$ cat target15.cif   # mmCIF, C-alpha atoms
data_start
loop_
_atom_site.label_atom_id
_atom_site.label_comp_id
_atom_site.auth_asym_id
_atom_site.auth_seq_id
_atom_site.Cartn_x
_atom_site.Cartn_y
_atom_site.Cartn_z
CA MET A 1 4.72 -12.94 52.82
CA PHE A 2 4.48 -9.81 54.93
CA GLU A 3 1.85 -11.39 57.15
CA THR A 4 4.03 -14.49 57.60
CA ASN A 5 7.01 -12.43 58.72
CA THR A 6 4.83 -10.44 61.07
CA THR A 7 3.42 -13.62 62.55
CA ARG A 8 6.88 -15.06 63.03
CA SER A 9 8.05 -11.84 64.62
CA GLN A 10 5.14 -11.90 67.02
CA ARG A 11 5.73 -15.52 67.86
CA SER A 12 9.40 -14.92 68.50
CA SER A 13 8.49 -12.32 71.12
CA PHE A 14 6.11 -14.61 73.01
CA PRO A 15 8.74 -16.61 74.97
CA ASN A 16 9.92 -13.45 76.70
CA PHE A 17 6.44 -12.74 77.97
CA ARG A 18 5.87 -16.37 78.88
CA GLN A 19 9.04 -16.32 80.95
CA LEU A 20 7.94 -13.09 82.58
CA PHE A 21 4.54 -14.58 83.30
CA ALA A 22 6.13 -17.71 84.79
CA LEU A 23 8.21 -15.61 87.15
CA LEU A 24 5.19 -13.60 88.15
CA ILE A 25 3.35 -16.82 88.98
CA CYS A 26 6.29 -17.67 91.22
CA GLY A 27 5.84 -14.25 92.76
CA PHE A 28 2.19 -14.96 93.37
CA LEU A 29 3.03 -18.27 95.04
CA MET A 30 5.57 -16.49 97.18
CA SER A 31 3.04 -13.88 98.21
CA VAL A 32 0.58 -16.29 99.81
CA PRO A 33 0.74 -16.50 103.62
CA ALA A 34 3.73 -18.53 104.80
CA GLY A 35 4.72 -20.10 108.09
CA HIS A 36 6.25 -16.91 109.49
CA ALA A 37 2.90 -15.17 109.01
CA GLN A 38 1.51 -17.60 111.56
CA GLY A 39 4.09 -16.78 114.20
CA GLN A 40 6.98 -18.95 113.00
CA PHE A 41 9.58 -16.20 112.74
CA PRO A 42 13.31 -16.67 112.16
CA PRO A 43 15.75 -16.38 115.10
CA LYS A 44 16.13 -12.81 116.28
CA VAL A 45 19.28 -10.83 115.63
CA GLU A 46 21.21 -10.26 118.87
CA ASP A 47 21.61 -6.53 118.30
CA PHE A 48 21.77 -4.03 115.45
CA SER A 49 25.45 -3.21 115.74
CA GLU A 50 27.40 -3.14 112.49
CA SER A 51 29.49 -6.22 113.34
CA THR A 52 26.42 -8.29 114.25
CA LEU A 53 24.53 -7.31 111.09
CA VAL A 54 27.58 -8.08 108.93
CA ILE A 55 27.60 -11.67 110.20
CA SER A 56 23.81 -12.04 110.08
CA ALA A 57 23.53 -10.68 106.54
CA ALA A 58 26.47 -12.74 105.27
CA LYS A 59 24.93 -15.95 106.60
CA TYR A 60 21.48 -15.13 105.29
CA LEU A 61 22.57 -14.03 101.81
CA GLY A 62 25.24 -16.70 101.48
CA THR A 63 28.09 -14.30 100.83
CA THR A 64 31.41 -13.62 102.54
CA ALA A 65 31.78 -11.59 105.72
CA GLU A 66 34.45 -9.50 104.00
CA SER A 67 32.04 -8.41 101.25
CA MET A 68 29.26 -7.67 103.74
CA ALA A 69 31.64 -5.70 105.95
CA GLU A 70 32.45 -3.39 103.04
CA ILE A 71 28.77 -2.98 102.17
CA MET A 72 27.64 -2.40 105.76
CA ASP A 73 30.42 0.11 106.34
CA ARG A 74 29.22 2.06 103.33
CA VAL A 75 25.60 2.14 104.53
CA PHE A 76 26.42 2.65 108.23
CA SER A 77 28.76 5.54 107.44
CA GLN A 78 25.86 7.34 105.77
CA TYR A 79 22.89 6.40 107.96
CA GLY A 80 24.17 4.79 111.15
CA ILE A 81 22.38 2.06 113.14
CA PRO A 82 19.08 0.99 111.53
CA ASP A 83 15.72 1.12 113.29
CA ALA A 84 14.61 -2.19 111.76
CA ILE A 85 15.71 -4.93 109.37
CA ILE A 86 13.80 -7.04 106.85
CA ARG A 87 14.89 -10.56 105.91
CA GLY A 88 13.05 -12.17 103.02
CA GLU A 89 12.91 -13.66 99.53
CA GLU A 90 11.67 -12.18 96.27
CA VAL A 91 11.33 -12.73 92.53
CA SER A 92 11.34 -10.11 89.79
CA ALA A 93 11.11 -9.95 86.01
CA ALA A 94 11.14 -7.21 83.41
CA VAL A 95 10.77 -6.68 79.67
CA VAL A 96 10.89 -2.86 79.71
CA PHE A 97 8.07 -2.99 82.29
CA GLY A 98 8.77 -5.11 85.33
CA LEU A 99 7.24 -6.52 88.51
CA ARG A 100 8.69 -7.62 91.83
CA TYR A 101 7.11 -9.74 94.57
CA GLY A 102 8.54 -10.67 97.95
CA ARG A 103 7.81 -11.75 101.49
CA GLY A 104 9.77 -11.77 104.71
CA THR A 105 10.02 -10.79 108.36
CA LEU A 106 10.35 -7.28 109.70
CA GLU A 107 12.31 -7.08 112.94
CA MET A 108 12.36 -3.87 114.98
CA ARG A 109 15.35 -2.86 117.08
CA SER A 110 13.25 -3.74 120.14
CA GLY A 111 13.14 -7.36 118.94
CA ALA A 112 9.48 -7.37 117.88
CA GLN A 113 8.89 -9.31 114.66
CA HIS A 114 6.14 -8.89 112.08
CA PRO A 115 5.28 -10.49 108.71
CA ILE A 116 5.82 -8.24 105.72
CA TYR A 117 5.11 -8.54 102.00
CA TRP A 118 6.10 -6.30 99.13
CA ARG A 119 5.30 -5.89 95.48
CA GLY A 120 5.56 -3.21 92.85
CA PRO A 121 6.03 -2.20 89.22
CA SER A 122 8.98 -0.64 87.42
CA ALA A 123 9.68 0.83 83.99
CA GLY A 124 12.86 1.59 82.08
CA VAL A 125 15.62 0.09 79.98
CA ASP A 126 15.47 -3.15 81.90
CA THR A 127 15.35 -6.81 80.85
CA GLY A 128 15.68 -10.13 82.64
CA GLY A 129 14.55 -11.88 85.77
CA ASN A 130 15.90 -13.20 89.03
CA ALA A 131 15.09 -14.82 92.35
CA ALA A 132 16.91 -13.50 95.38
CA LYS A 133 17.20 -13.31 99.12
CA SER A 134 17.14 -9.81 100.53
CA PHE A 135 18.44 -8.26 103.73
CA THR A 136 17.17 -4.70 104.19
CA LEU A 137 18.22 -1.99 106.64
CA VAL A 138 15.39 0.41 107.54
CA TYR A 139 15.97 3.95 108.82
CA GLY A 140 13.80 6.75 110.13
CA ILE A 141 10.82 4.86 111.56
CA GLN A 142 9.31 5.21 115.03
CA ASN A 143 6.80 2.34 114.80
CA VAL A 144 6.05 -0.59 112.53
CA GLU A 145 3.05 1.05 110.87
CA GLU A 146 5.32 3.51 109.08
CA VAL A 147 6.86 0.69 107.05
CA TYR A 148 3.58 -0.42 105.49
CA SER A 149 3.52 2.08 102.64
CA ARG A 150 4.97 2.77 99.16
CA PHE A 151 8.66 3.53 98.71
CA GLY A 152 10.19 4.77 95.47
CA GLY A 153 13.65 4.12 94.08
CA ALA A 154 15.85 3.66 91.02
CA ASP A 155 17.50 0.28 90.42
CA GLY A 156 20.02 2.00 88.19
CA SER A 157 21.51 3.62 91.30
CA ALA A 158 22.45 0.23 92.76
CA PHE A 159 26.05 -0.68 93.44
CA TYR A 160 27.49 -4.20 93.51
CA LEU A 161 30.00 -5.72 95.89
CA GLY A 162 30.89 -9.39 96.23
CA GLY A 163 27.85 -10.55 94.26
CA VAL A 164 25.44 -8.46 96.37
CA ALA A 165 23.36 -5.66 94.85
CA VAL A 166 22.60 -2.70 97.11
CA SER A 167 20.09 0.05 96.33
CA TYR A 168 18.00 2.61 98.19
CA LEU A 169 14.25 3.21 98.58
CA GLN A 170 12.85 6.33 100.20
CA ARG A 171 9.62 7.96 101.32
CA ASP A 172 9.90 11.28 103.15
CA ASP A 173 12.52 10.74 105.88
CA ILE A 174 12.31 6.94 105.83
CA VAL A 175 15.09 5.16 103.94
CA MET A 176 15.46 1.48 103.10
CA ALA A 177 18.69 -0.12 101.93
CA PRO A 178 17.89 -3.55 100.37
CA MET A 179 20.84 -5.89 99.83
CA ARG A 180 20.07 -8.71 97.40
CA ALA A 181 21.89 -11.88 96.36
CA GLY A 182 20.41 -14.63 94.18
CA VAL A 183 20.19 -16.36 90.84
CA GLY A 184 19.20 -15.03 87.44
CA PHE A 185 20.14 -11.99 85.43
CA ARG A 186 18.56 -8.58 85.19
CA ALA A 187 20.33 -5.69 83.49
CA GLY A 188 19.45 -2.08 82.84
CA VAL A 189 18.11 1.01 84.55
CA SER A 190 14.58 1.32 85.87
CA ILE A 191 12.48 3.41 88.21
CA GLY A 192 9.51 2.27 90.23
CA TYR A 193 8.26 1.69 93.73
CA LEU A 194 7.58 -1.11 96.20
CA LYS A 195 4.43 -1.35 98.27
CA PHE A 196 4.99 -2.97 101.69
CA THR A 197 1.99 -4.57 103.40
CA ARG A 198 1.06 -6.74 106.37
CA GLU A 199 -0.77 -9.26 104.19
CA SER A 200 -0.04 -10.94 100.87
CA GLY A 201 -1.51 -9.66 97.62
CA TRP A 202 -1.35 -10.03 93.88
CA LEU A 203 -2.04 -6.58 92.42
CA PRO A 204 1.27 -4.66 92.32
CA PHE A 205 -0.26 -1.17 92.37
#
$ encode --input "target15.cif" --output "structure tokens"
Amino acid sequence: MFETNTTRSQRSSFPNFRQLFALLICGFLMSVPAGHAQGQFPPKVEDFSESTLVISAAKYLGTTAESMAEIMDRVFSQYGIPDAIIRGEEVSAAVVFGLRYGRGTLEMRSGAQHPIYWRGPSAGVDTGGNAAKSFTLVYGIQNVEEVYSRFGGADGSAFYLGGVAVSYLQRDDIVMAPMRAGVGFRAGVSIGYLKFTRESGWLPF
């Protein structure tokens, strides 16, 4: 009887891991080279002023300009005009331990555009999964090579406005402020890092 209960308990936990695995497969599919990696980049942002980025982010994330204006004002008041932005899509899943995969386009203030991919692990009191678009403000970089590195952060420090989650990643003096909006549900507090690269990859470490 004990073995039967144990078996049932183990079986009941399998769907969570299957769902996590399915989302990670989606992440893998997202991480393979896409059209923008071959030079097909999205239209450039006119400038990096707060008003322009409010409109651009609202359109890209599918949220209201009023919500984005409040979010941008909060970030701009602390860090000012960004040196670069990242527009992309990502998927993530967690059952205590989590993974996140994404891809997008990095645009420097000069207008130069580059493909960018990111992935990384997390750990904490965190459960769920989601797929989202992300619009990230990048501060403290002098050239594009400085972005391709690991950045740590805590998802529990995120704040939410108008259906958009905003958090911060940092490495030395470089700060990223990802703004995410999408479908799914992920609740809890976790810490981890994201590794940004020029090329796609599967291993999150």
$ resolve_selection --input "target15.cif" --expression "the PyMOL selection byres ((chain A and resi 141) around 9)" --output "PyMOL selection string"
chain A and resi 83-84+138-140+142-147+173-175
$ resolve_selection --input "target15.cif" --expression "the PyMOL selection byres ((chain A and resi 176) around 12)" --output "PDB file with C-alpha atoms, in the coordinates of the input"
ATOM      1  CA  VAL A  75      25.600   2.140 104.530  1.00  0.00           C
ATOM      2  CA  TYR A  79      22.890   6.400 107.960  1.00  0.00           C
ATOM      3  CA  PRO A  82      19.080   0.990 111.530  1.00  0.00           C
ATOM      4  CA  ASP A  83      15.720   1.120 113.290  1.00  0.00           C
ATOM      5  CA  ALA A  84      14.610  -2.190 111.760  1.00  0.00           C
ATOM      6  CA  ILE A  85      15.710  -4.930 109.370  1.00  0.00           C
ATOM      7  CA  ILE A  86      13.800  -7.040 106.850  1.00  0.00           C
ATOM      8  CA  SER A 134      17.140  -9.810 100.530  1.00  0.00           C
ATOM      9  CA  PHE A 135      18.440  -8.260 103.730  1.00  0.00           C
ATOM     10  CA  THR A 136      17.170  -4.700 104.190  1.00  0.00           C
ATOM     11  CA  LEU A 137      18.220  -1.990 106.640  1.00  0.00           C
ATOM     12  CA  VAL A 138      15.390   0.410 107.540  1.00  0.00           C
ATOM     13  CA  TYR A 139      15.970   3.950 108.820  1.00  0.00           C
ATOM     14  CA  GLY A 140      13.800   6.750 110.130  1.00  0.00           C
ATOM     15  CA  ILE A 141      10.820   4.860 111.560  1.00  0.00           C
ATOM     16  CA  GLU A 146       5.320   3.510 109.080  1.00  0.00           C
ATOM     17  CA  VAL A 147       6.860   0.690 107.050  1.00  0.00           C
ATOM     18  CA  SER A 149       3.520   2.080 102.640  1.00  0.00           C
ATOM     19  CA  ARG A 150       4.970   2.770  99.160  1.00  0.00           C
ATOM     20  CA  PHE A 151       8.660   3.530  98.710  1.00  0.00           C
ATOM     21  CA  GLY A 152      10.190   4.770  95.470  1.00  0.00           C
ATOM     22  CA  GLY A 153      13.650   4.120  94.080  1.00  0.00           C
ATOM     23  CA  VAL A 166      22.600  -2.700  97.110  1.00  0.00           C
ATOM     24  CA  SER A 167      20.090   0.050  96.330  1.00  0.00           C
ATOM     25  CA  TYR A 168      18.000   2.610  98.190  1.00  0.00           C
ATOM     26  CA  LEU A 169      14.250   3.210  98.580  1.00  0.00           C
ATOM     27  CA  GLN A 170      12.850   6.330 100.200  1.00  0.00           C
ATOM     28  CA  ARG A 171       9.620   7.960 101.320  1.00  0.00           C
ATOM     29  CA  ASP A 172       9.900  11.280 103.150  1.00  0.00           C
ATOM     30  CA  ASP A 173      12.520  10.740 105.880  1.00  0.00           C
ATOM     31  CA  ILE A 174      12.310   6.940 105.830  1.00  0.00           C
ATOM     32  CA  VAL A 175      15.090   5.160 103.940  1.00  0.00           C
ATOM     33  CA  ALA A 177      18.690  -0.120 101.930  1.00  0.00           C
ATOM     34  CA  PRO A 178      17.890  -3.550 100.370  1.00  0.00           C
ATOM     35  CA  MET A 179      20.840  -5.890  99.830  1.00  0.00           C
ATOM     36  CA  TYR A 193       8.260   1.690  93.730  1.00  0.00           C
ATOM     37  CA  LEU A 194       7.580  -1.110  96.200  1.00  0.00           C
ATOM     38  CA  PHE A 196       4.990  -2.970 101.690  1.00  0.00           C
TER      39      PHE A 196
END
$ residues_around --input "target15.cif" --residues "Val54 in chain A" --least-positions-apart "3" --cutoff "7 Å" --atoms "only C-alpha atoms" --output "JSON, numbers by chain"
{"A": [50, 51, 57, 58, 65, 68, 69, 72]}
$ closest_residue --input "target15.cif" --among "A:Gly120, A:Arg198, A:Thr63, A:Val164" --to "Leu99 in chain A" --atoms "only C-alpha atoms"
A:Gly120
$ axis_aligned_box --input "target15.cif" --around "range 134-140 of chain A" --padding-each-side "5 Å" --output "JSON"
{"center_x": 16.1, "center_y": -1.5, "center_z": 105.3, "size_x": 14.6, "size_y": 26.6, "size_z": 19.6}
$ residues_around --input "target15.cif" --residues "Thr197 in chain A" --least-positions-apart "2" --cutoff "8 Å" --atoms "all atoms listed in the file" --output "MDAnalysis selection string"
chainID A and resid 116:118 148:149 195 199:200
$ atom_distance --input "target15.cif" --atom1 "CA of His114 in chain A" --atom2 "CA of Ile81 in chain A"
19.6 Å
$ closest_residue --input "target15.cif" --among "A:Val91, A:Leu106, A:Ala165, A:Ala112" --to "Ala131 in chain A" --atoms "all atoms listed in the file"
A:Val91
$ atom_distance --input "target15.cif" --atom1 "CA of Asp47 in chain A" --atom2 "CA of Gly80 in chain A"
13.6 Å
$ closest_residue --input "target15.cif" --among "A:Leu161, A:Ala93, A:Ala181, A:Met108" --to "Tyr60 in chain A" --atoms "only C-alpha atoms"
A:Ala181
$ atom_distance --input "target15.cif" --atom1 "CA of Pro42 in chain A" --atom2 "CA of Arg180 in chain A"
18.1 Å
